[in-house]
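Notes follow once the structure below has been shown.
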Amino acid sequence: MRKPEITILEPFQCFAQRKRFKVAYGGRGGGRSWSIARLLLIFGKEYKLTILCTRQHQVSINNSVYRLLVEQIGLLHGMKSFYSIQKTTIVGKNGTQFIFRGLQNMTEIKSLEGVDICWVEEAENVSRDSWDYLIPTIRKRGSEIWISFNPDDEDGETYRRFVKEADDSMLLVKTTYKSNPFISEEIEKQALHDREHDYEKYLWLWEGEPRRFTEALVFRGKFSVEEFETPEDAEFFFGADFGFAQDPSTLIRMWIKENTLYIDYE
């Protein structure tokens with residue numbers, strides 16, 4: 001009988017490449033956490049690895065990705081007989097070990113030797129000091145740092161360091177709920193609801209864009225994105241905003257009906 005294949009979402013199949021930093025970011029429902037968990041379990045079965053799973057704050061094992069990994073072991077063919085699920089660690093028959101630590105206890109992490117892969121989950125909360133301590137700690141030849149997060153602040157340390165200032169040492173994968181064919185109907189409906197009723201929230205929560213909007217915006221909370229037909233007798237107005245430096249130039253066409261402004265081309 002042919003063994004069933006383990007499904008890995010297409011955007012994450014490139015994680016088989018060798019890169020020092022592998023960065024997965026984007027909106028909710030993008031399948032990042034469980035894709036990374038599956039990949040680490042697969043790699044840990046093929047090779048003897050020491051895998052450190054960390055985040056900025058981890059008070060107990062319950063605050064880690066331990067439970068996610070345990071769930072995936074139960075779901076994936078051949079993993080349950082290979083991995084031993086212990087109280088605070090997960091160990092493979094070949095000596096692979098998953099270790100769980102919080103970055104707030106950097107002394108404990110600095111004492112770890114021979115980490116092959118470090119997975120930093122919910123990395124949007126990781127501080128500059130934590131990154132400055134962690135990166136040189138993962139120093140084994142060929143070691144990698146995997147990072148997963150939902151962007152928050154545009155000027156946040158993680159987004160700035162690994163997205164805005166990305167370099168050749170980094171592999172970037174951005175996913176949203178639209179990248180995940182296994183997304184539930186409930187999640188998709190909620191995303192579409194937010195798209196129609198709170199576009200700012202939608203861009204941040206579901207499209208994985210950092211929050212750039214402020215209370216000072218003139219149209220904050222007063223616009224929606226919907227399909228509409230432009231009437232043949234519409235009286236058009238045109239707007240332009242010529243950008244400089246990193247700001248893009250913008251051109252729009254619009255018309256007004258019953259105290260509502262419609263923008264049909266941008």
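By order of appearance in the structure tokens: chains A, B, ..., then residues from 1 within every chain, and ligands from 1 in the order shown.
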**Message:** Set the distance at 12 Å and use only C-alpha atoms: which residues neighbour A:Phe100 once local chain neighbours fewer than 3 positions away are removed? I'd like the list as number ranges by chain.
**Reply:** A: 50-67, 69, 86-90, 97, 103, 105, 108-109, 112, 115, 118-121
Please report as a tab-separated table every residue of stretch 23-88 of chain A lying within 10 Å of stretch 152-175 of chain A, along with the nearest atom pair and their distance in Å (one decimal), using only C-alpha atoms.
```
residue	atom	partner	partner_atom	distance
A:Val23	CA	A:Leu172	CA	4.8
A:Ala24	CA	A:Val173	CA	4.8
A:Tyr25	CA	A:Lys174	CA	5.0
A:Gly26	CA	A:Thr175	CA	5.1
A:Gly27	CA	A:Thr175	CA	6.6
A:Arg28	CA	A:Thr175	CA	8.6
A:Gly29	CA	A:Thr175	CA	8.4
A:Gly30	CA	A:Thr175	CA	5.0
A:Gly31	CA	A:Thr175	CA	7.6
A:Arg32	CA	A:Thr175	CA	7.5
```
**Request:** Write out as a ChimeraX atom specification all residues of stretch 43-203 of chain A that backbone DSSP assigns to helix (DSSP H, G or I).
**Result:** /A:43-46,61-63,66-75,103-110,123-125,128-137,157-164,177-179,185-197,199-203
Write to file, as an mmCIF file, in the first residue's frame, the residues of the selection just made, with C-alpha atoms.
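Listing of result22.cif after writing:
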```
data_model
loop_
_atom_site.group_PDB
_atom_site.id
_atom_site.type_symbol
_atom_site.label_atom_id
_atom_site.label_comp_id
_atom_site.auth_asym_id
_atom_site.auth_seq_id
_atom_site.Cartn_x
_atom_site.Cartn_y
_atom_site.Cartn_z
ATOM 1 C CA PHE A 43 13.207 17.243 8.689
ATOM 2 C CA GLY A 44 13.628 15.976 12.249
ATOM 3 C CA LYS A 45 12.675 12.506 11.096
ATOM 4 C CA GLU A 46 15.075 12.543 8.156
ATOM 5 C CA ILE A 61 5.255 24.870 28.010
ATOM 6 C CA ASN A 62 1.596 25.745 27.386
ATOM 7 C CA ASN A 63 2.682 29.124 25.964
ATOM 8 C CA TYR A 66 4.564 22.305 21.923
ATOM 9 C CA ARG A 67 0.824 21.614 21.660
ATOM 10 C CA LEU A 68 0.793 22.422 17.928
ATOM 11 C CA LEU A 69 3.645 19.975 17.299
ATOM 12 C CA VAL A 70 1.895 17.292 19.355
ATOM 13 C CA GLU A 71 -1.285 17.795 17.327
ATOM 14 C CA GLN A 72 0.615 17.499 14.048
ATOM 15 C CA ILE A 73 2.377 14.331 15.217
ATOM 16 C CA GLY A 74 -1.057 12.807 15.762
ATOM 17 C CA LEU A 75 -2.212 13.851 12.286
ATOM 18 C CA LEU A 103 13.548 34.642 24.928
ATOM 19 C CA GLN A 104 13.037 36.373 28.259
ATOM 20 C CA ASN A 105 15.326 33.665 29.686
ATOM 21 C CA MET A 106 18.236 34.428 27.382
ATOM 22 C CA THR A 107 20.748 32.956 29.828
ATOM 23 C CA GLU A 108 19.179 29.516 29.342
ATOM 24 C CA ILE A 109 19.193 29.901 25.555
ATOM 25 C CA LYS A 110 22.813 31.079 25.446
ATOM 26 C CA ALA A 123 8.022 37.066 16.228
ATOM 27 C CA GLU A 124 6.259 40.427 15.877
ATOM 28 C CA ASN A 125 6.783 40.800 19.636
ATOM 29 C CA ARG A 128 15.817 44.374 19.301
ATOM 30 C CA ASP A 129 17.821 43.191 22.310
ATOM 31 C CA SER A 130 16.406 39.683 21.978
ATOM 32 C CA TRP A 131 17.374 39.469 18.322
ATOM 33 C CA ASP A 132 20.836 40.815 19.066
ATOM 34 C CA TYR A 133 21.317 38.070 21.676
ATOM 35 C CA LEU A 134 19.618 35.224 19.812
ATOM 36 C CA ILE A 135 21.169 35.467 16.337
ATOM 37 C CA PRO A 136 24.815 34.945 17.399
ATOM 38 C CA THR A 137 23.691 32.214 19.825
ATOM 39 C CA GLU A 157 11.916 45.515 15.008
ATOM 40 C CA THR A 158 11.051 42.195 13.364
ATOM 41 C CA TYR A 159 9.264 43.715 10.364
ATOM 42 C CA ARG A 160 12.012 46.266 9.845
ATOM 43 C CA ARG A 161 14.867 43.804 10.197
ATOM 44 C CA PHE A 162 13.510 40.890 8.164
ATOM 45 C CA VAL A 163 11.108 42.474 5.655
ATOM 46 C CA LYS A 164 11.912 46.129 5.048
ATOM 47 C CA TYR A 177 -6.054 33.197 4.024
ATOM 48 C CA LYS A 178 -6.228 33.212 0.209
ATOM 49 C CA SER A 179 -3.026 31.141 0.098
ATOM 50 C CA GLU A 185 -15.743 28.795 5.607
ATOM 51 C CA GLU A 186 -16.145 30.730 8.860
ATOM 52 C CA ILE A 187 -12.712 32.354 8.562
ATOM 53 C CA GLU A 188 -13.258 33.263 4.911
ATOM 54 C CA LYS A 189 -16.627 34.848 5.702
ATOM 55 C CA GLN A 190 -15.105 36.895 8.511
ATOM 56 C CA ALA A 191 -12.309 38.113 6.240
ATOM 57 C CA LEU A 192 -14.776 39.175 3.566
ATOM 58 C CA HIS A 193 -16.943 40.888 6.184
ATOM 59 C CA ASP A 194 -13.970 42.917 7.413
ATOM 60 C CA ARG A 195 -13.008 43.728 3.827
ATOM 61 C CA GLU A 196 -16.414 45.282 3.255
ATOM 62 C CA HIS A 197 -16.930 47.003 6.603
ATOM 63 C CA TYR A 199 -10.880 47.883 5.175
ATOM 64 C CA GLU A 200 -8.069 49.141 7.412
ATOM 65 C CA LYS A 201 -8.591 46.219 9.762
ATOM 66 C CA TYR A 202 -8.834 43.851 6.799
ATOM 67 C CA LEU A 203 -5.472 44.945 5.360
#
```
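Closest approach to A:Ser111 from the set A:Val91, A:Ile138, A:Ile256, A:Ile145 is made by A:Ile138, with distances taken over only C-alpha atoms.
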Would you pick out the contacts of stretch 233-242 of chain A at 8 Å or less, using only C-alpha atoms, so that residues sharing its chain but fewer than 6 positions from it are not included, and give the list as a PDB file with C-alpha atoms, in the first residue's frame?
```
ATOM      1  CA  PRO A 248       4.077  56.391  -4.743  1.00  0.00           C
ATOM      2  CA  SER A 249       2.298  58.731  -7.125  1.00  0.00           C
ATOM      3  CA  THR A 250      -1.473  58.244  -7.121  1.00  0.00           C
ATOM      4  CA  LEU A 251      -4.114  58.911  -9.771  1.00  0.00           C
ATOM      5  CA  ILE A 252      -7.825  58.266  -9.246  1.00  0.00           C
ATOM      6  CA  ARG A 253     -11.129  58.705 -11.108  1.00  0.00           C
ATOM      7  CA  MET A 254     -14.285  59.312  -9.088  1.00  0.00           C
ATOM      8  CA  TRP A 255     -17.906  60.366  -9.214  1.00  0.00           C
ATOM      9  CA  ILE A 256     -20.579  61.290  -6.670  1.00  0.00           C
TER      10      ILE A 256
END
```
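The smallest atom-to-atom distance between A:Asp116 and any of A:Lys140, A:Ile36, A:Arg101, A:Asn94, using only C-alpha atoms, is found for A:Lys140.
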